[in-house]
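Colleague: So here's entry_32.tsv (TSV, C-alpha atoms).
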```tsv
chain	number	residue	atom	x	y	z
A	718	MET	CA	30.49	-26.64	-13.17
A	719	GLN	CA	28.20	-28.87	-15.07
A	720	PHE	CA	27.96	-27.03	-18.36
A	721	ARG	CA	27.62	-29.35	-21.29
A	722	ARG	CA	29.79	-27.74	-23.93
A	723	ASP	CA	28.33	-27.46	-27.36
A	724	PRO	CA	30.00	-26.43	-30.61
A	725	GLU	CA	27.80	-23.40	-31.15
A	726	PRO	CA	28.67	-19.72	-31.51
A	727	ALA	CA	30.18	-17.83	-28.60
A	728	PRO	CA	27.94	-15.53	-26.52
A	729	ASP	CA	28.96	-12.48	-28.49
A	730	SER	CA	28.05	-13.97	-31.85
A	731	PRO	CA	24.93	-12.58	-33.51
A	732	ALA	CA	21.74	-14.45	-32.82
A	733	ARG	CA	20.62	-16.67	-35.67
A	734	PRO	CA	16.89	-17.04	-35.25
A	735	GLY	CA	16.53	-18.81	-38.61
A	736	ARG	CA	18.52	-21.82	-37.48
A	737	ARG	CA	16.54	-24.77	-36.24
A	738	ARG	CA	16.54	-24.87	-32.45
A	739	ASP	CA	16.87	-28.05	-30.45
A	740	PRO	CA	13.53	-28.46	-28.67
A	741	ALA	CA	15.19	-30.39	-25.84
A	742	VAL	CA	17.36	-27.36	-25.04
A	743	ASP	CA	14.37	-25.02	-25.17
A	744	GLU	CA	12.51	-27.32	-22.81
A	745	ALA	CA	15.43	-27.63	-20.37
A	746	VAL	CA	15.91	-23.86	-20.29
A	747	LYS	CA	12.26	-23.11	-19.72
A	748	THR	CA	12.04	-25.67	-16.94
A	749	ALA	CA	15.12	-24.14	-15.33
A	750	VAL	CA	13.65	-20.64	-15.58
A	751	LEU	CA	10.47	-21.72	-13.81
A	752	GLU	CA	12.32	-23.64	-11.12
A	753	LEU	CA	14.68	-20.76	-10.35
A	754	LEU	CA	11.86	-18.22	-10.29
A	755	ALA	CA	9.91	-20.42	-7.88
A	756	GLU	CA	12.89	-21.11	-5.62
A	757	ARG	CA	14.65	-17.77	-5.58
A	758	GLY	CA	12.45	-15.20	-7.30
A	759	TRP	CA	13.54	-12.76	-9.98
A	760	ASP	CA	16.92	-12.34	-8.26
A	761	GLY	CA	17.62	-16.01	-8.98
A	762	ILE	CA	17.45	-15.53	-12.74
A	763	SER	CA	20.70	-14.92	-14.58
A	764	MET	CA	22.05	-16.41	-17.80
A	765	ASP	CA	24.70	-18.21	-15.74
A	766	ALA	CA	22.25	-19.66	-13.24
A	767	VAL	CA	19.85	-20.83	-15.94
A	768	ALA	CA	22.64	-22.44	-17.98
A	769	ALA	CA	23.90	-24.30	-14.92
A	770	ARG	CA	20.45	-25.48	-13.86
A	771	ALA	CA	19.45	-26.53	-17.39
A	772	LYS	CA	22.85	-28.17	-17.98
A	773	VAL	CA	23.21	-26.47	-21.36
A	774	GLY	CA	26.00	-24.29	-22.69
A	775	LYS	CA	25.66	-20.57	-22.23
A	776	ALA	CA	26.20	-20.21	-25.97
A	777	SER	CA	22.96	-22.10	-26.57
A	778	ILE	CA	21.13	-19.65	-24.35
A	779	TYR	CA	22.62	-16.50	-25.83
A	780	ARG	CA	21.90	-17.80	-29.33
A	781	ARG	CA	18.21	-17.91	-28.42
A	782	TRP	CA	17.76	-14.94	-26.11
A	783	SER	CA	19.76	-11.76	-25.76
A	784	SER	CA	18.58	-10.97	-22.22
A	785	ARG	CA	17.02	-12.59	-19.18
A	786	VAL	CA	13.88	-10.56	-19.78
A	787	GLN	CA	13.47	-12.08	-23.26
A	788	MET	CA	14.17	-15.55	-21.93
A	789	VAL	CA	11.64	-15.29	-19.11
A	790	ALA	CA	9.09	-13.56	-21.33
A	791	GLU	CA	9.16	-16.40	-23.86
A	792	THR	CA	8.97	-18.98	-21.10
A	793	ILE	CA	5.89	-17.55	-19.43
A	794	GLY	CA	4.35	-16.50	-22.74
A	795	GLU	CA	4.20	-20.02	-24.13
A	796	LEU	CA	3.95	-22.17	-21.09
A	797	ASN	CA	0.32	-23.02	-20.65
A	798	ARG	CA	-0.63	-22.76	-24.31
A	799	GLY	CA	-1.22	-26.51	-24.17
A	800	GLU	CA	-4.09	-25.99	-21.75
A	801	ALA	CA	-5.88	-23.55	-24.03
A	802	ALA	CA	-8.61	-25.88	-25.31
A	803	ALA	CA	-11.88	-24.82	-23.68
A	804	PRO	CA	-13.96	-27.61	-22.14
A	805	ASP	CA	-17.29	-28.51	-23.73
A	806	THR	CA	-19.31	-30.35	-21.11
A	807	GLY	CA	-22.64	-28.98	-22.30
A	808	THR	CA	-23.37	-26.85	-19.23
A	809	LEU	CA	-21.94	-23.63	-17.85
A	810	ARG	CA	-21.41	-25.25	-14.45
A	811	GLY	CA	-19.57	-28.22	-15.93
A	812	ASP	CA	-17.33	-26.02	-18.04
A	813	LEU	CA	-16.55	-23.64	-15.16
A	814	LEU	CA	-15.68	-26.51	-12.82
A	815	GLU	CA	-13.12	-27.70	-15.37
A	816	VAL	CA	-11.61	-24.28	-16.07
A	817	VAL	CA	-11.42	-23.12	-12.46
A	818	GLY	CA	-10.14	-26.57	-11.44
A	819	ALA	CA	-7.38	-26.32	-14.06
A	820	MET	CA	-6.55	-22.82	-12.82
A	821	VAL	CA	-6.13	-24.11	-9.27
A	822	LEU	CA	-3.87	-26.94	-10.42
A	823	THR	CA	-1.73	-24.61	-12.53
A	824	LEU	CA	-1.31	-22.06	-9.74
A	825	ARG	CA	-0.25	-24.81	-7.33
A	826	GLY	CA	2.56	-25.83	-9.70
A	827	PRO	CA	5.80	-24.24	-10.92
A	828	LEU	CA	4.01	-21.79	-13.21
A	829	GLY	CA	2.10	-20.46	-10.23
A	830	ASP	CA	5.17	-19.89	-8.11
A	831	ALA	CA	7.00	-18.38	-11.07
A	832	SER	CA	4.17	-15.97	-11.82
A	833	ARG	CA	4.04	-14.83	-8.20
A	834	ALA	CA	7.76	-14.11	-8.35
A	835	LEU	CA	7.18	-11.86	-11.37
A	836	ILE	CA	4.21	-9.79	-10.15
A	837	GLY	CA	6.48	-7.16	-8.61
A	838	VAL	CA	8.77	-7.07	-11.65
A	839	LEU	CA	6.09	-6.51	-14.28
A	840	PRO	CA	5.66	-2.75	-13.66
A	841	HIS	CA	9.38	-2.28	-14.36
A	842	GLU	CA	9.66	-4.60	-17.39
A	843	PRO	CA	7.12	-3.84	-20.14
A	844	ASP	CA	8.17	-6.79	-22.36
A	845	LEU	CA	7.67	-9.17	-19.48
A	846	ALA	CA	4.32	-7.59	-18.64
A	847	ALA	CA	3.16	-8.00	-22.23
A	848	ALA	CA	4.23	-11.65	-22.28
A	849	PHE	CA	2.44	-12.26	-18.97
A	850	GLN	CA	-0.78	-10.63	-20.20
A	851	GLU	CA	-0.72	-12.42	-23.54
A	852	GLY	CA	0.65	-15.74	-22.34
A	853	SER	CA	-0.36	-17.12	-18.96
A	854	LEU	CA	-3.30	-14.76	-18.50
A	855	GLY	CA	-4.26	-14.71	-22.16
A	856	VAL	CA	-4.86	-18.45	-22.12
A	857	TRP	CA	-7.32	-18.17	-19.25
A	858	ARG	CA	-8.99	-15.08	-20.68
A	859	ASP	CA	-9.56	-16.88	-24.00
A	860	THR	CA	-10.84	-19.99	-22.28
A	861	PHE	CA	-13.34	-18.11	-20.11
A	862	ARG	CA	-14.45	-16.15	-23.20
A	863	GLN	CA	-15.22	-19.40	-25.04
A	864	VAL	CA	-17.01	-20.93	-22.06
A	865	PHE	CA	-19.09	-17.78	-21.51
A	866	GLY	CA	-19.81	-17.50	-25.24
A	867	ALA	CA	-21.13	-21.07	-25.36
A	868	ALA	CA	-23.31	-20.39	-22.30
A	869	VAL	CA	-24.76	-17.27	-23.90
A	870	ALA	CA	-25.52	-19.30	-27.04
A	871	ARG	CA	-27.34	-21.91	-24.90
A	872	GLY	CA	-29.32	-19.17	-23.15
A	873	GLU	CA	-27.70	-19.96	-19.79
A	874	LEU	CA	-25.92	-16.65	-19.39
A	875	ASP	CA	-27.03	-13.03	-19.67
A	876	PRO	CA	-24.59	-11.45	-22.16
A	877	THR	CA	-24.75	-8.10	-20.34
A	878	ARG	CA	-22.73	-9.70	-17.51
A	879	LEU	CA	-19.68	-10.28	-19.72
A	880	GLY	CA	-16.77	-7.94	-19.05
A	881	THR	CA	-18.14	-6.78	-15.69
A	882	ALA	CA	-16.70	-7.08	-12.21
A	883	ALA	CA	-19.23	-9.87	-11.61
A	884	ALA	CA	-17.66	-11.94	-14.39
A	885	GLU	CA	-14.20	-11.48	-12.82
A	886	ALA	CA	-15.16	-12.38	-9.27
A	887	GLY	CA	-14.68	-16.17	-9.33
A	888	PRO	CA	-11.15	-16.29	-10.72
A	889	ALA	CA	-10.34	-13.26	-8.54
A	890	VAL	CA	-11.06	-15.26	-5.37
A	891	VAL	CA	-8.58	-17.92	-6.51
A	892	MET	CA	-5.95	-15.30	-7.40
A	893	GLN	CA	-6.39	-13.44	-4.12
A	894	ARG	CA	-6.01	-16.57	-1.98
A	895	TRP	CA	-2.92	-17.62	-3.83
A	896	LEU	CA	-1.17	-14.27	-4.36
A	897	VAL	CA	-2.26	-12.04	-1.52
A	898	LEU	CA	-3.49	-14.21	1.32
A	899	GLY	CA	-0.88	-16.94	0.87
A	900	ARG	CA	-3.49	-19.59	1.63
A	901	PRO	CA	-3.30	-23.09	0.16
A	902	LEU	CA	-5.63	-23.71	-2.76
A	903	ASP	CA	-7.79	-26.59	-1.53
A	904	ASP	CA	-9.23	-29.29	-3.74
A	905	ASP	CA	-12.77	-28.07	-3.09
A	906	LEU	CA	-12.02	-24.42	-3.88
A	907	ALA	CA	-13.04	-24.70	-7.54
A	908	GLN	CA	-16.49	-26.01	-6.61
A	909	GLU	CA	-17.00	-23.34	-3.94
A	910	VAL	CA	-16.00	-20.61	-6.37
A	911	VAL	CA	-18.26	-21.89	-9.13
A	912	ASP	CA	-21.32	-22.65	-6.98
A	913	ASP	CA	-21.12	-19.83	-4.43
A	914	VAL	CA	-19.64	-17.00	-6.50
A	915	MET	CA	-19.78	-17.46	-10.27
A	916	LEU	CA	-23.15	-19.08	-10.89
A	917	PRO	CA	-25.06	-16.81	-8.45
A	918	LEU	CA	-23.55	-13.69	-10.04
A	919	LEU	CA	-23.80	-14.78	-13.66
A	920	THR	CA	-27.10	-16.64	-13.80
A	921	ARG	CA	-29.33	-15.09	-11.15
B	107	MET	CA	26.09	12.10	-1.28
B	108	GLN	CA	23.38	13.73	0.73
B	109	PHE	CA	23.72	11.94	4.03
B	110	ARG	CA	22.99	14.15	6.98
B	111	ARG	CA	25.60	13.12	9.52
B	112	ASP	CA	24.40	12.51	13.00
B	113	PRO	CA	26.40	11.88	16.18
B	114	GLU	CA	24.92	8.47	16.83
B	115	PRO	CA	26.62	5.07	17.13
B	116	ALA	CA	28.41	3.58	14.15
B	117	PRO	CA	26.70	0.82	12.17
B	118	ASP	CA	28.45	-1.91	14.07
B	119	SER	CA	27.37	-0.64	17.49
B	120	PRO	CA	24.71	-2.69	19.27
B	121	ALA	CA	21.14	-1.60	18.70
B	122	ARG	CA	19.65	0.31	21.62
B	123	PRO	CA	15.91	-0.20	21.32
B	124	GLY	CA	15.25	1.40	24.70
B	125	ARG	CA	16.41	4.81	23.56
B	126	ARG	CA	13.74	7.24	22.40
B	127	ARG	CA	13.60	7.31	18.62
B	128	ASP	CA	13.16	10.49	16.63
B	129	PRO	CA	9.75	10.15	14.95
B	130	ALA	CA	10.88	12.40	12.07
B	131	VAL	CA	13.64	9.93	11.20
B	132	ASP	CA	11.25	6.99	11.40
B	133	GLU	CA	8.87	8.78	9.11
B	134	ALA	CA	11.57	9.74	6.58
B	135	VAL	CA	12.89	6.18	6.47
B	136	LYS	CA	9.46	4.62	6.00
B	137	THR	CA	8.60	7.06	3.23
B	138	ALA	CA	11.91	6.26	1.54
B	139	VAL	CA	11.27	2.51	1.81
B	140	LEU	CA	7.87	2.84	0.13
B	141	GLU	CA	9.19	5.12	-2.60
B	142	LEU	CA	12.10	2.84	-3.43
B	143	LEU	CA	9.92	-0.27	-3.43
B	144	ALA	CA	7.47	1.44	-5.79
B	145	GLU	CA	10.16	2.77	-8.12
B	146	ARG	CA	12.63	-0.08	-8.21
B	147	GLY	CA	11.10	-3.07	-6.47
B	148	TRP	CA	12.76	-5.21	-3.81
B	149	ASP	CA	16.10	-4.88	-5.62
B	150	GLY	CA	15.99	-1.15	-4.90
B	151	ILE	CA	16.04	-1.63	-1.14
B	152	SER	CA	19.40	-1.50	0.61
B	153	MET	CA	20.45	0.26	3.79
B	154	ASP	CA	22.59	2.61	1.67
B	155	ALA	CA	19.81	3.46	-0.76
B	156	VAL	CA	17.28	4.07	2.01
B	157	ALA	CA	19.68	6.28	3.98
B	158	ALA	CA	20.42	8.35	0.89
B	159	ARG	CA	16.76	8.75	-0.07
B	160	ALA	CA	15.65	9.55	3.48
B	161	LYS	CA	18.61	11.90	3.98
B	162	VAL	CA	19.43	10.35	7.35
B	163	GLY	CA	22.67	8.84	8.59
B	164	LYS	CA	23.16	5.12	8.11
B	165	ALA	CA	23.87	4.90	11.84
B	166	SER	CA	20.32	6.05	12.55
B	167	ILE	CA	19.02	3.25	10.37
B	168	TYR	CA	21.21	0.49	11.82
B	169	ARG	CA	20.30	1.62	15.32
B	170	ARG	CA	16.67	0.92	14.50
B	171	TRP	CA	16.82	-2.10	12.23
B	172	SER	CA	19.47	-4.75	11.81
B	173	SER	CA	18.40	-5.80	8.30
B	174	ARG	CA	16.44	-4.56	5.31
B	175	VAL	CA	13.84	-7.26	5.98
B	176	GLN	CA	13.19	-5.85	9.48
B	177	MET	CA	13.06	-2.30	8.12
B	178	VAL	CA	10.58	-3.14	5.37
B	179	ALA	CA	8.54	-5.38	7.66
B	180	GLU	CA	8.05	-2.59	10.19
B	181	THR	CA	7.22	-0.13	7.43
B	182	ILE	CA	4.48	-2.21	5.85
B	183	GLY	CA	3.31	-3.56	9.20
B	184	GLU	CA	2.40	-0.16	10.56
B	185	LEU	CA	1.60	1.87	7.54
B	186	ASN	CA	-2.14	1.89	7.19
B	187	ARG	CA	-2.92	1.42	10.87
B	188	GLY	CA	-4.36	4.94	10.76
B	189	GLU	CA	-7.08	3.79	8.42
B	190	ALA	CA	-8.23	1.03	10.72
B	191	ALA	CA	-11.36	2.68	12.08
B	192	ALA	CA	-14.36	0.95	10.52
B	193	PRO	CA	-17.05	3.20	9.04
B	194	ASP	CA	-20.45	3.32	10.69
B	195	THR	CA	-22.90	4.68	8.12
B	196	GLY	CA	-25.80	2.59	9.40
B	197	THR	CA	-26.13	0.35	6.34
B	198	LEU	CA	-24.03	-2.48	4.93
B	199	ARG	CA	-23.98	-0.78	1.51
B	200	GLY	CA	-22.81	2.53	2.96
B	201	ASP	CA	-20.09	0.88	5.01
B	202	LEU	CA	-18.86	-1.27	2.10
B	203	LEU	CA	-18.70	1.72	-0.25
B	204	GLU	CA	-16.42	3.46	2.23
B	205	VAL	CA	-14.16	0.47	2.90
B	206	VAL	CA	-13.80	-0.63	-0.73
B	207	GLY	CA	-13.34	3.01	-1.76
B	208	ALA	CA	-10.54	3.39	0.80
B	209	MET	CA	-8.97	0.16	-0.48
B	210	VAL	CA	-8.95	1.51	-4.04
B	211	LEU	CA	-7.34	4.77	-2.92
B	212	THR	CA	-4.68	2.97	-0.86
B	213	LEU	CA	-3.77	0.58	-3.67
B	214	ARG	CA	-3.40	3.48	-6.09
B	215	GLY	CA	-0.82	5.10	-3.80
B	216	PRO	CA	2.69	4.26	-2.65
B	217	LEU	CA	1.57	1.49	-0.31
B	218	GLY	CA	-0.10	-0.23	-3.27
B	219	ASP	CA	2.99	-0.11	-5.45
B	220	ALA	CA	5.18	-1.18	-2.54
B	221	SER	CA	2.97	-4.15	-1.73
B	222	ARG	CA	3.00	-5.30	-5.34
B	223	ALA	CA	6.79	-5.16	-5.28
B	224	LEU	CA	6.79	-7.49	-2.26
B	225	ILE	CA	4.34	-10.17	-3.42
B	226	GLY	CA	7.08	-12.24	-5.02
B	227	VAL	CA	9.43	-11.80	-2.06
B	228	LEU	CA	7.00	-12.93	0.65
B	229	PRO	CA	7.40	-16.70	0.04
B	230	HIS	CA	11.14	-16.34	0.64
B	231	GLU	CA	10.99	-14.00	3.68
B	232	PRO	CA	8.75	-15.31	6.49
B	233	ASP	CA	9.17	-12.19	8.67
B	234	LEU	CA	8.09	-9.99	5.82
B	235	ALA	CA	5.15	-12.27	5.06
B	236	ALA	CA	4.02	-12.12	8.68
B	237	ALA	CA	4.25	-8.31	8.71
B	238	PHE	CA	2.29	-8.13	5.46
B	239	GLN	CA	-0.46	-10.43	6.75
B	240	GLU	CA	-0.72	-8.66	10.10
B	241	GLY	CA	-0.14	-5.12	8.86
B	242	SER	CA	-1.54	-4.03	5.51
B	243	LEU	CA	-3.88	-6.98	5.12
B	244	GLY	CA	-4.72	-7.22	8.80
B	245	VAL	CA	-6.14	-3.70	8.78
B	246	TRP	CA	-8.54	-4.53	5.96
B	247	ARG	CA	-9.44	-7.91	7.42
B	248	ASP	CA	-10.32	-6.29	10.76
B	249	THR	CA	-12.31	-3.53	9.07
B	250	PHE	CA	-14.37	-5.94	6.97
B	251	ARG	CA	-14.94	-8.07	10.06
B	252	GLN	CA	-16.37	-5.08	11.95
B	253	VAL	CA	-18.54	-4.00	9.01
B	254	PHE	CA	-19.86	-7.53	8.50
B	255	GLY	CA	-20.43	-7.96	12.23
B	256	ALA	CA	-22.50	-4.77	12.40
B	257	ALA	CA	-24.54	-5.92	9.39
B	258	VAL	CA	-25.21	-9.29	11.02
B	259	ALA	CA	-26.34	-7.46	14.18
B	260	ARG	CA	-28.75	-5.35	12.09
B	261	GLY	CA	-30.10	-8.47	10.38
B	262	GLU	CA	-28.77	-7.35	6.99
B	263	LEU	CA	-26.32	-10.17	6.52
B	264	ASP	CA	-26.60	-13.95	6.83
B	265	PRO	CA	-23.80	-14.95	9.25
B	266	THR	CA	-23.25	-18.24	7.42
B	267	ARG	CA	-21.71	-16.25	4.57
B	268	LEU	CA	-18.83	-14.99	6.70
B	269	GLY	CA	-15.48	-16.63	5.96
B	270	THR	CA	-16.66	-18.06	2.63
B	271	ALA	CA	-15.40	-17.46	-0.90
B	272	ALA	CA	-18.50	-15.30	-1.42
B	273	ALA	CA	-17.35	-12.93	1.32
B	274	GLU	CA	-13.92	-12.60	-0.31
B	275	ALA	CA	-15.14	-11.95	-3.84
B	276	GLY	CA	-15.50	-8.16	-3.79
B	277	PRO	CA	-12.06	-7.23	-2.48
B	278	ALA	CA	-10.66	-10.02	-4.69
B	279	VAL	CA	-11.88	-8.23	-7.82
B	280	VAL	CA	-10.01	-5.09	-6.74
B	281	MET	CA	-6.86	-7.05	-5.92
B	282	GLN	CA	-6.95	-8.98	-9.19
B	283	ARG	CA	-7.32	-5.84	-11.33
B	284	TRP	CA	-4.50	-4.13	-9.55
B	285	LEU	CA	-2.04	-7.01	-9.07
B	286	VAL	CA	-2.66	-9.44	-11.89
B	287	LEU	CA	-4.42	-7.61	-14.70
B	288	GLY	CA	-2.46	-4.38	-14.30
B	289	ARG	CA	-5.62	-2.37	-14.99
B	290	PRO	CA	-6.17	1.09	-13.52
B	291	LEU	CA	-8.53	1.20	-10.54
B	292	ASP	CA	-11.29	3.53	-11.72
B	293	ASP	CA	-13.25	5.85	-9.47
B	294	ASP	CA	-16.44	3.87	-10.04
B	295	LEU	CA	-14.88	0.48	-9.28
B	296	ALA	CA	-15.85	0.52	-5.59
B	297	GLN	CA	-19.53	1.05	-6.44
B	298	GLU	CA	-19.51	-1.68	-9.11
B	299	VAL	CA	-17.85	-4.11	-6.72
B	300	VAL	CA	-20.28	-3.36	-3.89
B	301	ASP	CA	-23.50	-3.32	-5.96
B	302	ASP	CA	-22.73	-6.03	-8.53
B	303	VAL	CA	-20.60	-8.45	-6.51
B	304	MET	CA	-20.75	-8.03	-2.72
B	305	LEU	CA	-24.39	-7.20	-2.01
B	306	PRO	CA	-25.80	-9.84	-4.41
B	307	LEU	CA	-23.60	-12.54	-2.89
B	308	LEU	CA	-23.99	-11.53	0.75
B	309	THR	CA	-27.61	-10.46	0.98
B	310	ARG	CA	-29.51	-12.47	-1.63
```
Starting from the coordinates I provided, produce the structure as structure tokens.
Modeller:
Amino acid sequence: MQFRRDPEPAPDSPARPGRRRDPAVDEAVKTAVLELLAERGWDGISMDAVAARAKVGKASIYRRWSSRVQMVAETIGELNRGEAAAPDTGTLRGDLLEVVGAMVLTLRGPLGDASRALIGVLPHEPDLAAAFQEGSLGVWRDTFRQVFGAAVARGELDPTRLGTAAAEAGPAVVMQRWLVLGRPLDDDLAQEVVDDVMLPLLTR
Amino acid sequence: MQFRRDPEPAPDSPARPGRRRDPAVDEAVKTAVLELLAERGWDGISMDAVAARAKVGKASIYRRWSSRVQMVAETIGELNRGEAAAPDTGTLRGDLLEVVGAMVLTLRGPLGDASRALIGVLPHEPDLAAAFQEGSLGVWRDTFRQVFGAAVARGELDPTRLGTAAAEAGPAVVMQRWLVLGRPLDDDLAQEVVDDVMLPLLTR
């Protein structure tokens, strides 16, 4: 076993959320959660497995999260917050190329594999579903909203298209290839989606 | 326990694929597989659980399938074969309304919930992934191919659009709402997808 022992409370001690948490431990745990989800799916996630992979004491994990659902929910809820800034290239096409391109890169990485592993679990775990909707998906929803809002303000986009199936179609092609069809997400997919799906539907 | 004992070989007997199978048992097992996948996800599938739900002897199950992967793969591989006949309304719009409408109805039912439960398992189970691609998805792929082919023959559809992201966009909206966004699939979704996404992209 490779646990690094730490002098913190035992697993059955009450959680102390007020205490300052070590960001390095948080980071190691979240990385371990994503790796295990990608490699083994939801079945691969247990407090023991995450502690071993992250090389942190189980006490550190139980002090932060009381269940694997909480641990995974926080991991996926916060993970791509750093990518939330909407692009501002000055054109709808430029902005969409950046956002859809970022989506493709994210889905190709550990967050993409982890999210796929959770799709079938979400209907059975409401806290996880809420974290998924607010976190990973919320970031993209907010970014598209800002990009579309800027395009409406520039007169590039008809505001009646917002919130319709037409506005969902581009990202949906990416999601379908990745989740359902199991096809690789090519480098030129973002441009095809923007030029052949999104712009024709949104600006015709 | 509610097992119905049958006089067939014990679980460790060799499978006898040549023997005529009782279609009622096949049907009960496949229904049980779908129900358990929908209710409890992949974790809910074991030979014991399926035998109990289907009210058949475990021997009957082991005589047909040597593993849960084989059992689930055959279930999802054959399930919507009955819906494979492509519509022939005479117009692309009429045909698409029928196919997308059937897709919405299927995804709302047990096959939809079962497929969602399997999305995260597919990357780890190649046999299951192959059955999913050939079975459930294969039926839709073949149906769209026939509908698009008829529309090309009538001069309604530009053949250069086939196989592009634009041709995937309509079904992708349905898949994304159901799998990723967790939104209900409304009765009017098929019409919105056909009129606001598919026809503008395919026939403009």
Colleague: Nearest to Arg878 (chain A) among B:Val279, B:Leu140, B:Val227, B:Val303, with distances taken over all atoms listed in the file: which residue is it?
Modeller: B:Val303
Colleague: Return the single residue from A:Ala803, A:Ala741, A:Ala769, A:Leu809 that is closest to Arg871 (chain A), with distances computed using only C-alpha atoms.
Modeller: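 Closest to Arg871 (chain A) of all the choices is A:Leu809.
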Colleague: Specify as a VMD selection string all residues of chain A found within 10 Å of chain B, counting only C-alpha atoms.
Modeller: chain A and resid 754 to 760 830 to 841 846 849 to 850 854 878 881 to 894 896 to 899 906 909 to 915 917 to 918 921
Colleague: Just the selected residues (C-alpha atoms), exported as a compact mmCIF listing (two decimals), in the coordinates of the input, please.
Modeller:
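Written out: part_19.txt:
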```
# COMPACT_ATOMS: atom_id res chain seq x y z
CA LEU A 754 11.86 -18.22 -10.29
CA ALA A 755 9.91 -20.42 -7.88
CA GLU A 756 12.89 -21.11 -5.62
CA ARG A 757 14.65 -17.77 -5.58
CA GLY A 758 12.45 -15.20 -7.30
CA TRP A 759 13.54 -12.76 -9.98
CA ASP A 760 16.92 -12.34 -8.26
CA ASP A 830 5.17 -19.89 -8.11
CA ALA A 831 7.00 -18.38 -11.07
CA SER A 832 4.17 -15.97 -11.82
CA ARG A 833 4.04 -14.83 -8.20
CA ALA A 834 7.76 -14.11 -8.35
CA LEU A 835 7.18 -11.86 -11.37
CA ILE A 836 4.21 -9.79 -10.15
CA GLY A 837 6.48 -7.16 -8.61
CA VAL A 838 8.77 -7.07 -11.65
CA LEU A 839 6.09 -6.51 -14.28
CA PRO A 840 5.66 -2.75 -13.66
CA HIS A 841 9.38 -2.28 -14.36
CA ALA A 846 4.32 -7.59 -18.64
CA PHE A 849 2.44 -12.26 -18.97
CA GLN A 850 -0.78 -10.63 -20.20
CA LEU A 854 -3.30 -14.76 -18.50
CA ARG A 878 -22.73 -9.70 -17.51
CA THR A 881 -18.14 -6.78 -15.69
CA ALA A 882 -16.70 -7.08 -12.21
CA ALA A 883 -19.23 -9.87 -11.61
CA ALA A 884 -17.66 -11.94 -14.39
CA GLU A 885 -14.20 -11.48 -12.82
CA ALA A 886 -15.16 -12.38 -9.27
CA GLY A 887 -14.68 -16.17 -9.33
CA PRO A 888 -11.15 -16.29 -10.72
CA ALA A 889 -10.34 -13.26 -8.54
CA VAL A 890 -11.06 -15.26 -5.37
CA VAL A 891 -8.58 -17.92 -6.51
CA MET A 892 -5.95 -15.30 -7.40
CA GLN A 893 -6.39 -13.44 -4.12
CA ARG A 894 -6.01 -16.57 -1.98
CA LEU A 896 -1.17 -14.27 -4.36
CA VAL A 897 -2.26 -12.04 -1.52
CA LEU A 898 -3.49 -14.21 1.32
CA GLY A 899 -0.88 -16.94 0.87
CA LEU A 906 -12.02 -24.42 -3.88
CA GLU A 909 -17.00 -23.34 -3.94
CA VAL A 910 -16.00 -20.61 -6.37
CA VAL A 911 -18.26 -21.89 -9.13
CA ASP A 912 -21.32 -22.65 -6.98
CA ASP A 913 -21.12 -19.83 -4.43
CA VAL A 914 -19.64 -17.00 -6.50
CA MET A 915 -19.78 -17.46 -10.27
CA PRO A 917 -25.06 -16.81 -8.45
CA LEU A 918 -23.55 -13.69 -10.04
CA ARG A 921 -29.33 -15.09 -11.15
```
Colleague: Have a look at CA of Pro827 (chain A) and CA of Asp765 (chain A) and let me know their distance in Å, one decimal.
Modeller: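 The value is 20.4 Å.
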Colleague: What does the distance between CA of Val817 (chain A) and CA of Ala907 (chain A) come to in Å, to one decimal place?
Modeller: 5.4 Å
Colleague: Residues near Val253 (chain B), anyone? I mean within 8 Å using all atoms listed in the file, not counting same-chain ones fewer than 2 positions away, as a ChimeraX atom specification.
Modeller: /B:192-194,198,201-202,249-251,255-257
Colleague: Between CA of Ser853 (chain A) and CA of Leu142 (chain B), what distance in Å does the model show, to one decimal?
Modeller: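 Spanning CA of Ser853 (chain A) to CA of Leu142 (chain B) is a straight-line distance of 28.2 Å.
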Colleague: Can you work out which one of B:Thr309, B:Trp284, B:Gly244, B:Leu234 has the shortest atom-to-atom distance to Pro265 (chain B), counting all atoms listed in the file?
Modeller: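 So, comparing all the options, the nearest one is B:Thr309.
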Colleague: Excluding Ser763 (chain A) and its own-chain neighbours fewer than 5 positions away, which residues fall within 9 Å of it when counting all atoms listed in the file? Please give them as a list in words.
Modeller: Ala768, Ser784 and Arg785 of chain A
Colleague: Assuming 4 Å of padding per side, give the centre and edge lengths of the axis-aligned box around every listed atom of region 276-293 of chain B, in Å to one decimal and as AutoDock Vina command-line options.
Modeller:
```
--center_x -8.8 --center_y -2.1 --center_z -8.7 --size_x 21.5 --size_y 23.9 --size_z 20.5
```
Colleague: Taking only C-alpha atoms into account, which of A:Gly794, A:Gly811, A:Gly818, A:Gly761 comes nearest Val856 (chain A)?
Modeller: A:Gly794
Colleague: Identify which of the residues B:Asp248, B:Asp294, B:Asp233, B:Asp264 lies closest to Ala179 (chain B), counting only C-alpha atoms when measuring atom-to-atom distances.
Modeller: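 Residue with the minimum atom-to-atom distance to Ala179 (chain B): B:Asp233.
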